[in-house]
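**Student:** The following block contains the structure, expressed as structure tokens.
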Amino acid sequence: MVPALACIAGVSMASCVTACGTAHAVGGAGRPVYELQATTLPGAGRVLADGRGFTLYVYVPDHHGRSQCYGVCAKDWPPLTLPAQVRHALAGRGVNTALLGTVQRGGARQVTYNGWPLYLWQGDHQPGQATGQADDMGLWYVLSASGAVDRSPVSGQAGE
């Protein structure tokens with residue numbers, strides 16, 4: 001396995017994304033951020049998270065294709081991209097390898113699941129939060145481990 005690009009140790013995900021320009025740092029337990037895993041969110045069930053346990057989101061206008069989120073959008077919703085030397089995202093527990101993919105995004109590869117480009121939300125400050133669910137007029141949602149957009153209300157989130 002090729003090691004992930006590591007940002008400054010001990011900083012929040014939002015700080016790492018700002019410092020490195022993309023979301024591909026080393027996650028918890030030495031997992032790379034681009035190792036997707038299924039995690040349980042109250043009210044939503046099994047959804048996708050990155051290697052650190054941060055919830056991953058889809059943007060409805062992307063609808064199984066190229067990313068439509070750039071500029072200010074991508075600053076608030078950093079795309080989950082692979083480090084330059086990594087060709088594929090990794091499937092962690094509960095993730096279907098057959099649904100993993102990438103889409104070209106400028107000079108980088110953005111991770112996809114069931115054809116949906118994946119993003120983090122700068123408003124989630126700790127693993128297990130999903131404060132971006134149904135955000136921005138209902139355009140952002142978590143993605144279930146089965147690959148379906150999950151529009152369920154997520155309960156018990158810090159920051160609600």
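By convention in this document, the chains of the structure tokens carry letters A, B, ... by their order, each chain's residues are numbered from 1, and ligands are numbered from 1 in the order they are shown.
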Any chance you could list, as a ChimeraX atom specification, the residues in range 15-159 of chain A that come up strand (DSSP E or B) when DSSP is run on the backbone?

**Tutor:** /A:23,26,32,35-41,45-49,55,57-59,79-81,90-91,100-105,108-113,116-117,119,140-144,149-150

**Student:** As a VMD selection string, which residues of range 47-91 of chain A does DSSP assign to helix (DSSP H, G or I)?

**Tutor:** chain A and resid 60 to 62 72 to 76

**Student:** Please, could you write that set of residues out with C-alpha atoms as a PDB file, in the first residue's frame?

**Tutor:**
```pdb
ATOM      1  CA  VAL A  60     -27.534  16.009  -5.936  1.00  0.00           C
ATOM      2  CA  PRO A  61     -26.578  18.043  -9.071  1.00  0.00           C
ATOM      3  CA  ASP A  62     -23.665  15.614  -9.627  1.00  0.00           C
ATOM      4  CA  VAL A  72     -16.637  28.407  -2.913  1.00  0.00           C
ATOM      5  CA  CYS A  73     -18.691  25.211  -3.005  1.00  0.00           C
ATOM      6  CA  ALA A  74     -15.546  23.046  -2.890  1.00  0.00           C
ATOM      7  CA  LYS A  75     -14.118  25.146  -0.076  1.00  0.00           C
ATOM      8  CA  ASP A  76     -17.151  24.358   2.110  1.00  0.00           C
TER       9      ASP A  76
END
```

**Student:** Can you check which parts of range 31-135 of chain A lie within 10 Å of range 139-156 of chain A? Per residue, the shortest pair of atoms and distance in Å to one decimal, counting only C-alpha atoms, sorted by chain and number, as CSV.

**Tutor:**
```
residue,atom,partner,partner_atom,distance
A:Leu36,CA,A:Ala145,CA,9.7
A:Gln37,CA,A:Ala145,CA,8.2
A:Ala38,CA,A:Ala145,CA,5.8
A:Thr39,CA,A:Ala145,CA,8.4
A:Thr40,CA,A:Ser144,CA,9.6
A:Leu41,CA,A:Val154,CA,6.9
A:Pro42,CA,A:Ser155,CA,5.5
A:Gly43,CA,A:Val154,CA,4.8
A:Ala44,CA,A:Ser152,CA,5.5
A:Gly45,CA,A:Ser144,CA,7.6
A:Arg46,CA,A:Ser144,CA,5.7
A:Val47,CA,A:Ser144,CA,4.1
A:Leu48,CA,A:Ala145,CA,5.7
A:Ala49,CA,A:Leu143,CA,9.0
A:Thr55,CA,A:Val142,CA,7.2
A:Leu56,CA,A:Val142,CA,6.1
A:Tyr57,CA,A:Val142,CA,4.5
A:Val58,CA,A:Tyr141,CA,5.5
A:Tyr59,CA,A:Trp140,CA,4.8
A:Val60,CA,A:Leu139,CA,5.2
A:Pro61,CA,A:Leu139,CA,7.3
A:Asp62,CA,A:Leu139,CA,9.8
A:Trp77,CA,A:Trp140,CA,9.5
A:Arg93,CA,A:Ala145,CA,10.0
A:Gly94,CA,A:Ala145,CA,6.8
A:Val95,CA,A:Ala145,CA,6.0
A:Asn96,CA,A:Ala145,CA,7.5
A:Leu99,CA,A:Gly147,CA,7.2
A:Leu100,CA,A:Gly147,CA,9.5
A:Thr112,CA,A:Gly147,CA,10.0
A:Tyr113,CA,A:Gly147,CA,6.4
A:Asn114,CA,A:Gly147,CA,5.3
A:Gly115,CA,A:Gly147,CA,8.6
A:Trp116,CA,A:Gly147,CA,8.4
A:Leu118,CA,A:Leu143,CA,8.8
A:Tyr119,CA,A:Trp140,CA,9.4
A:Leu120,CA,A:Val142,CA,9.9
A:Trp121,CA,A:Trp140,CA,9.5
A:Gln129,CA,A:Gly156,CA,8.8
A:Ala130,CA,A:Val154,CA,7.0
A:Thr131,CA,A:Val154,CA,8.2
A:Gly132,CA,A:Trp140,CA,6.7
A:Gln133,CA,A:Tyr141,CA,4.9
A:Ala134,CA,A:Trp140,CA,5.1
A:Asp135,CA,A:Trp140,CA,5.4
```

**Student:** From the set A:Ser67, A:Ala91, A:Arg52, A:Thr81, which residue has the shortest atom-to-atom contact distance to Glu35 in chain A, counting only C-alpha atoms?

**Tutor:**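 The answer is A:Ala91, which sits nearest to Glu35 in chain A.
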
**Student:** Ranking A:Pro117, A:Pro127, A:Gly101, A:Gly30 by minimum distance to Leu80 in chain A and counting only C-alpha atoms, which one comes first?

**Tutor:**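 Counting only C-alpha atoms, the residue closest to Leu80 in chain A is A:Pro117.
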
**Student:** As an exercise, work out the distance from CA of Arg105 in chain A to CA of Arg66 in chain A in Å and give it to one decimal place.

**Tutor:**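 One can read the CA of Arg105 in chain A to CA of Arg66 in chain A distance as 7.9 Å.
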
**Student:** Give me, please, the distance in Å between CA of Gly106 in chain A and CA of Gly65 in chain A, quoted to one decimal.

**Tutor:**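 A separation of 14.3 Å between them.
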
**Student:** For Arg87 in chain A, work out the shell of residues within 10 Å, counting only C-alpha atoms and skipping chain neighbours fewer than 4 positions away, then give it as a list in words.

**Tutor:**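 Using only C-alpha atoms, the neighbours found are Val2, Leu82, Pro83, Gly101, Thr102 and Arg109 of chain A.
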
**Student:** How many Å lie between CA of Gln126 in chain A and CA of Gly53 in chain A, rounded to one decimal?

**Tutor:**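 Between these atoms lies a distance of 8.1 Å.
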
**Student:** Given only C-alpha atoms as the basis, pick out the residue of A:Pro32, A:Pro79, A:Gly51, A:Gly71 nearest to Gln110 in chain A.

**Tutor:**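 Using only C-alpha atoms, Gln110 in chain A sits closest to A:Pro79.
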